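The structure appears right after this line, and notes come after that.
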Amino acid sequence: MHLGVILNRVFRTKDNPLFQYIVKYQNEINKLYFILPLEDLTDASEVKRNYYYKVVKGFVNALDKHDIQPYIVTYEKLGELAETLALSHVLVAKDIMSYHKEIYDYPHVKKAFENHQVTVIGQRVNHYFVPTKTFNKQQQPYKVFTSFYKANRQDLVHTPKKSYQFKQLSQIAEKGSNQSDLKFENNKDIEKLARKAWDDFLNGDIAHYDKLTDDVSQDFVSGLGKYLAYGLLDIREIINDLLEDYESDEKNFEAFIREVLFREFYYVLMTQYSETATKSFSEKYRNMQWSYNKTHFEVWKKGQTGYPIVDAAMKKLNRTGYMHNRLRMVVSQFLTKNLFIDWTWGEEYFRQYLIDYDNASNVHGWQWSASTGTDAVPYFRMFNPIRQSERFDAQGYFIKTQLEIFNDVSSKYIHDPTKYKDKLQEIYHIEIGKDYPQTIVNHKNSRDYVMDKFKQF
Ligand SMILES: Cc1cc2nc3c(=O)[nH]c(=O)nc-3n(C[C@H](O)[C@H](O)[C@H](O)COP(=O)(O)OP(=O)(O)OC[C@H]3O[C@@H](n4cnc5c(N)ncnc54)[C@H](O)[C@@H]3O)c2cc1C
């Protein structure tokens with residue numbers, strides 16, 4: 001066969017099942033080409049775009065060291081290249097779920113190649129489970145996370161590392177070239193940095209995971225999201241590591257495994273209900289009359305709502321491409337409940353800004369907050385952003401990292417500046433409405449509105 005290996009979001013040289021596949025079936029391969037399709041990130045934030053290119057370049061450098069040069073093309077040129085190279089087969093990661101555009105996910109890529117008469121071989125690379133193997137007795141996906149977790153947790157086992165020599169690959173691979181007009185710079189070995197960050201977490205902060213993961217001022221989280229999103233690490237090696245050290249600290253390790261399984265849960269649901277990428281999972285809410293108030297949306301995006309916890313979280317996202325899970329819950333509830341804006345607007349904004357964007361986790365995260373998802377927060381448990389701030393950033397340390405104006409302000413006044421505007425003026429000379437915005441909506445009023453809207457269904 002004339003095999004093209006599609007290196008999309010599997011940007012790792014170690015433990016790469018695509019490479020193992022080639023070695024295993026090398027006798028059947030007459031010609032071998034590595035092809036790296038570049039994603040179009042023109043509508044993404046600069047921070048996210050730069051990270052992506054840095055990862056791609058790091059990967060290309062690493063391959064080059066092993067004497068492998070892939071063809072680099074845009075997605076649009078993929079079919080054309082397949083014809084030029086007379087590919088009979090392509091090997092594709094089959095568990096890639098639309099990391100930036102829908103057309104990059106497996107079902108679309110598969111169809112596009114089949115239209116060019118190329119046979120597609122799908123391979124697991126980025127998720128732990130094969131979706132259908134996680135189903136319940138009725139052969140349906142679990143729709144409640146706890147049931148999914150209980151049923152599938154025992155199937156996490158140690159899996160052998162992939163074994164291949166790069167010589168075995170480079171000897172048979174044809175040399176490709178950069179056919180995109182993109183020139184990127186990066187000398188860092190991103191894969192190595194990802195591995196190191198993960199090892200550091202395993203040897204350090206995981207010890208606080210169960211108790212303190214929600215404390216946004218301390219950030220005892222792994223940052224694993226972005227490494228998984230770009231395939232810099234394989235979820236199977238992550239699980240291997242967790243199982244290996246499990247007995248040293250069961251409580252924290254289990255808490256972490258549980259979170260990682262959320263990603264699998266949402267992935268399975270997304271493969272089965274792909275329409276929920278844009279529609280409410282819960283059908284009864286599909287006719288909800290959301291707000292499409294652009295002014296409110298802009299204020300939320302820029303972090304000018306007058307609720308410091310929301311504003312600080314949005315400013316951090318805009319600046320760094322990252323937001324803590326608790327804060328994702330807070331700002332998404334704020335947008336969909338306090339401002340009653342359609343969750344798809346928020347989902348889209350996160351897609352453009354989050355470096356660790358993952359379509360399944362993002363869509364379901366948003367639907368959780370909007371109370372339209374499966375196993376979502378009930379609408380009557382609407383977050384109060386001030387209470388969230390007091391609970392998860394009690395001293396206001398996180399707020400202060402993003403909103404300098406509050407640097408010297410006591411934690412007593414920091415969570416609800418509109419309420420304490422006289423004190424802020426008197427003690428710190430901060431004028432609410434001028435130096436920092438007044439709250440854009442009153443929490444109690446918006447709560448009453450939301451309850452009323454949901455009760456109609
Ligand atoms: C509105 C909203 C949008 C979200 N969008 C994304 C997204 O685009 N990409 C993404 O990876 N996660 C998303 N999440 C889930 C979660 O917030 C992130 O996975 C987490 O914050 C990433 O940071 P971390 O790797 O440091 O997390 P850790 O706390 O260190 O967690 C480790 C890993 O567990 C998984 N995980 C943890 N919590 C969740 C969760 N609630 N749902 C799914 N997987 C989880 C992730 O793979 C994560 O990397 C979203 C959550 C919400 C509420």
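Following the order of the structure tokens, chains are lettered A, B, ..., residues in each are numbered from 1, and ligands are numbered from 1.
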Please identify all protein, DNA and RNA residues within 6 Å of ligand 1, counting only C-alpha atoms and all ligand atoms, and report them as an mmCIF file with C-alpha atoms, in the first residue's frame.
data_model
loop_
_atom_site.group_PDB
_atom_site.id
_atom_site.type_symbol
_atom_site.label_atom_id
_atom_site.label_comp_id
_atom_site.auth_asym_id
_atom_site.auth_seq_id
_atom_site.Cartn_x
_atom_site.Cartn_y
_atom_site.Cartn_z
ATOM 1 C CA VAL A 221 -4.035 21.871 39.009
ATOM 2 C CA SER A 222 -2.058 19.978 36.411
ATOM 3 C CA GLY A 223 -2.309 22.046 33.237
ATOM 4 C CA LEU A 224 -2.671 18.694 31.514
ATOM 5 C CA GLY A 225 -5.531 19.944 29.323
ATOM 6 C CA GLU A 259 -11.567 14.380 36.638
ATOM 7 C CA VAL A 260 -9.693 12.793 33.789
ATOM 8 C CA PHE A 262 -14.883 13.490 32.799
ATOM 9 C CA ARG A 263 -12.980 14.124 29.595
ATOM 10 C CA HIS A 324 -9.116 27.430 36.059
ATOM 11 C CA ASN A 325 -12.028 24.946 36.023
ATOM 12 C CA ARG A 328 -14.857 28.408 33.830
ATOM 13 C CA MET A 329 -17.940 27.401 35.810
ATOM 14 C CA SER A 332 -20.116 30.448 32.046
ATOM 15 C CA ASP A 356 -6.631 23.595 25.808
ATOM 16 C CA TYR A 357 -9.872 23.850 23.831
ATOM 17 C CA ASP A 358 -11.541 20.488 23.471
ATOM 18 C CA ASN A 359 -14.843 20.492 21.666
ATOM 19 C CA SER A 361 -15.412 19.124 27.177
ATOM 20 C CA ASN A 362 -16.147 22.692 26.217
ATOM 21 C CA GLY A 365 -18.994 22.338 30.221
ATOM 22 C CA TRP A 366 -21.100 25.130 28.772
#
Polymer residues at most 8 Å from A:Val441, only C-alpha atoms, same-chain spacing of 5 or more positions, as a ChimeraX atom specification
/A:338-339,446
Residues from the last selection, N, CA and C atoms, saved as an mmCIF file, in the first residue's frame:
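What ended up in selection_39.cif:
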data_model
loop_
_atom_site.group_PDB
_atom_site.id
_atom_site.type_symbol
_atom_site.label_atom_id
_atom_site.label_comp_id
_atom_site.auth_asym_id
_atom_site.auth_seq_id
_atom_site.Cartn_x
_atom_site.Cartn_y
_atom_site.Cartn_z
ATOM 1 N N ASN A 338 -26.821 34.953 34.612
ATOM 2 C CA ASN A 338 -26.982 36.373 34.956
ATOM 3 C C ASN A 338 -27.286 37.227 33.735
ATOM 4 N N LEU A 339 -26.630 36.914 32.604
ATOM 5 C CA LEU A 339 -26.892 37.702 31.384
ATOM 6 C C LEU A 339 -27.850 36.974 30.452
ATOM 7 N N SER A 446 -31.577 39.071 38.197
ATOM 8 C CA SER A 446 -31.337 38.111 37.111
ATOM 9 C C SER A 446 -31.730 36.701 37.552
#
Can you check which parts of stretch 241-319 of chain A lie within 10 Å of stretch 405-418 of chain A? Per residue, the shortest pair of atoms and distance in Å to one decimal, counting only C-alpha atoms, sorted by chain and number, as a tab-separated table.
residue	atom	partner	partner_atom	distance
A:Gly306	CA	A:Thr418	CA	7.4
A:Tyr307	CA	A:Asp416	CA	6.8
A:Pro308	CA	A:His415	CA	6.3
A:Ile309	CA	A:His415	CA	7.2
Resulting file, chosen residues, C-alpha atoms, as an mmCIF file, in the first residue's frame:
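part05.cif written:
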data_model
loop_
_atom_site.group_PDB
_atom_site.id
_atom_site.type_symbol
_atom_site.label_atom_id
_atom_site.label_comp_id
_atom_site.auth_asym_id
_atom_site.auth_seq_id
_atom_site.Cartn_x
_atom_site.Cartn_y
_atom_site.Cartn_z
ATOM 1 C CA GLY A 306 -18.366 44.785 37.812
ATOM 2 C CA TYR A 307 -18.020 41.338 39.414
ATOM 3 C CA PRO A 308 -14.262 41.078 40.121
ATOM 4 C CA ILE A 309 -14.096 37.278 40.062
#
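Using only C-alpha atoms, the residues found no farther than 10 Å from A:Leu182, other than those of its own chain fewer than 5 positions away, are Leu38, Tyr53, Ile72, Val73 and Thr74 of chain A.
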For the residues in the current selection, export C-alpha atoms as a PDB file, in the first residue's frame.
ATOM      1  CA  LEU A  38      -2.094  22.663   9.433  1.00  0.00           C
ATOM      2  CA  TYR A  53       2.554  26.907  15.883  1.00  0.00           C
ATOM      3  CA  ILE A  72       3.166  20.253   5.727  1.00  0.00           C
ATOM      4  CA  VAL A  73      -0.043  21.364   4.026  1.00  0.00           C
ATOM      5  CA  THR A  74      -3.261  23.119   4.888  1.00  0.00           C
TER       6      THR A  74
END
Can you list, as a count of residues only, every protein, DNA or RNA residue that comes within 12 Å of stretch 128-140 of chain A when you count only C-alpha atoms, leaving out same-chain residues fewer than 6 positions away?
40
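Using only C-alpha atoms, the residues found no farther than 10 Å from A:Phe253, other than those of its own chain fewer than 3 positions away, are Leu202, Ile206, Ala207, His208, Tyr209, Asp210, Leu242, Leu243, Asp245, Tyr246, Glu247, Ser248, Asp249, Glu250, Phe256, Ile257 and Arg258 of chain A.
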Taking the DSSP secondary structure from the backbone, can you list the residues of stretch 36-143 of chain A that are alpha helix (DSSP H), as a VMD selection string?
chain A and resid 46 to 65 78 to 84 106 to 115
Based on the selection just made, write N, CA and C atoms of those residues as a short mmCIF file (atom, residue, chain, number, x, y, z; two decimals), in the first residue's frame.
data_model
loop_
_atom_site.label_atom_id
_atom_site.label_comp_id
_atom_site.auth_asym_id
_atom_site.auth_seq_id
_atom_site.Cartn_x
_atom_site.Cartn_y
_atom_site.Cartn_z
N GLU A 46 -4.29 35.43 19.40
CA GLU A 46 -2.87 35.34 19.04
C GLU A 46 -2.13 34.38 19.96
N VAL A 47 -2.50 34.41 21.25
CA VAL A 47 -1.82 33.55 22.22
C VAL A 47 -2.03 32.08 21.86
N LYS A 48 -3.26 31.76 21.50
CA LYS A 48 -3.57 30.37 21.16
C LYS A 48 -2.87 29.96 19.85
N ARG A 49 -2.95 30.87 18.88
CA ARG A 49 -2.33 30.58 17.57
C ARG A 49 -0.83 30.34 17.73
N ASN A 50 -0.19 31.20 18.52
CA ASN A 50 1.26 31.06 18.72
C ASN A 50 1.61 29.75 19.40
N TYR A 51 0.78 29.38 20.36
CA TYR A 51 1.05 28.11 21.05
C TYR A 51 0.98 26.95 20.06
N TYR A 52 -0.05 26.98 19.25
CA TYR A 52 -0.24 25.90 18.27
C TYR A 52 0.99 25.80 17.34
N TYR A 53 1.42 26.94 16.81
CA TYR A 53 2.55 26.91 15.88
C TYR A 53 3.84 26.47 16.59
N LYS A 54 3.95 26.88 17.84
CA LYS A 54 5.13 26.49 18.62
C LYS A 54 5.16 24.96 18.78
N VAL A 55 3.99 24.40 19.05
CA VAL A 55 3.92 22.94 19.22
C VAL A 55 4.24 22.25 17.90
N VAL A 56 3.65 22.76 16.82
CA VAL A 56 3.88 22.13 15.51
C VAL A 56 5.37 22.18 15.17
N LYS A 57 5.95 23.36 15.37
CA LYS A 57 7.37 23.52 15.02
C LYS A 57 8.24 22.61 15.89
N GLY A 58 7.91 22.55 17.18
CA GLY A 58 8.68 21.68 18.08
C GLY A 58 8.63 20.23 17.61
N PHE A 59 7.48 19.84 17.15
CA PHE A 59 7.29 18.46 16.69
C PHE A 59 8.08 18.23 15.38
N VAL A 60 7.99 19.21 14.49
CA VAL A 60 8.71 19.08 13.20
C VAL A 60 10.22 18.98 13.48
N ASN A 61 10.70 19.79 14.41
CA ASN A 61 12.13 19.73 14.78
C ASN A 61 12.50 18.36 15.31
N ALA A 62 11.62 17.84 16.18
CA ALA A 62 11.92 16.54 16.80
C ALA A 62 11.95 15.44 15.73
N LEU A 63 11.03 15.52 14.78
CA LEU A 63 11.04 14.52 13.70
C LEU A 63 12.31 14.65 12.86
N ASP A 64 12.69 15.90 12.62
CA ASP A 64 13.87 16.16 11.80
C ASP A 64 15.11 15.50 12.41
N LYS A 65 15.19 15.55 13.71
CA LYS A 65 16.33 14.92 14.40
C LYS A 65 16.39 13.43 14.10
N LEU A 78 -5.26 18.80 1.47
CA LEU A 78 -5.00 17.41 1.86
C LEU A 78 -5.39 16.42 0.75
N GLY A 79 -6.59 16.63 0.19
CA GLY A 79 -7.09 15.72 -0.85
C GLY A 79 -6.21 15.76 -2.08
N GLU A 80 -5.82 16.98 -2.43
CA GLU A 80 -4.96 17.19 -3.61
C GLU A 80 -3.63 16.43 -3.43
N LEU A 81 -3.08 16.57 -2.24
CA LEU A 81 -1.80 15.90 -1.96
C LEU A 81 -1.96 14.39 -2.03
N ALA A 82 -3.08 13.91 -1.50
CA ALA A 82 -3.33 12.45 -1.54
C ALA A 82 -3.33 11.95 -2.98
N GLU A 83 -3.88 12.76 -3.86
CA GLU A 83 -3.90 12.35 -5.28
C GLU A 83 -2.51 12.43 -5.90
N THR A 84 -1.80 13.51 -5.61
CA THR A 84 -0.43 13.66 -6.16
C THR A 84 0.46 12.49 -5.73
N TYR A 106 -12.57 13.39 13.12
CA TYR A 106 -12.39 12.15 12.37
C TYR A 106 -13.48 11.87 11.34
N PRO A 107 -14.75 11.94 11.69
CA PRO A 107 -15.77 11.61 10.68
C PRO A 107 -15.64 12.46 9.42
N HIS A 108 -15.29 13.74 9.57
CA HIS A 108 -15.16 14.62 8.40
C HIS A 108 -13.92 14.28 7.59
N VAL A 109 -12.81 14.08 8.29
CA VAL A 109 -11.56 13.75 7.60
C VAL A 109 -11.72 12.43 6.84
N LYS A 110 -12.37 11.49 7.50
CA LYS A 110 -12.58 10.17 6.89
C LYS A 110 -13.36 10.31 5.57
N LYS A 111 -14.43 11.06 5.67
CA LYS A 111 -15.29 11.24 4.49
C LYS A 111 -14.51 11.94 3.36
N ALA A 112 -13.74 12.95 3.75
CA ALA A 112 -12.99 13.71 2.73
C ALA A 112 -12.02 12.78 1.99
N PHE A 113 -11.33 11.91 2.71
CA PHE A 113 -10.40 11.00 2.04
C PHE A 113 -11.15 9.97 1.19
N GLU A 114 -12.24 9.49 1.72
CA GLU A 114 -13.00 8.49 0.96
C GLU A 114 -13.51 9.07 -0.36
N ASN A 115 -13.79 10.37 -0.35
CA ASN A 115 -14.19 11.02 -1.60
C ASN A 115 -13.07 11.01 -2.64
#
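Nearest residue to A:Val92, choosing from A:Trp290, A:Tyr21, A:Phe457, A:Tyr436 and counting only C-alpha atoms: A:Tyr21.
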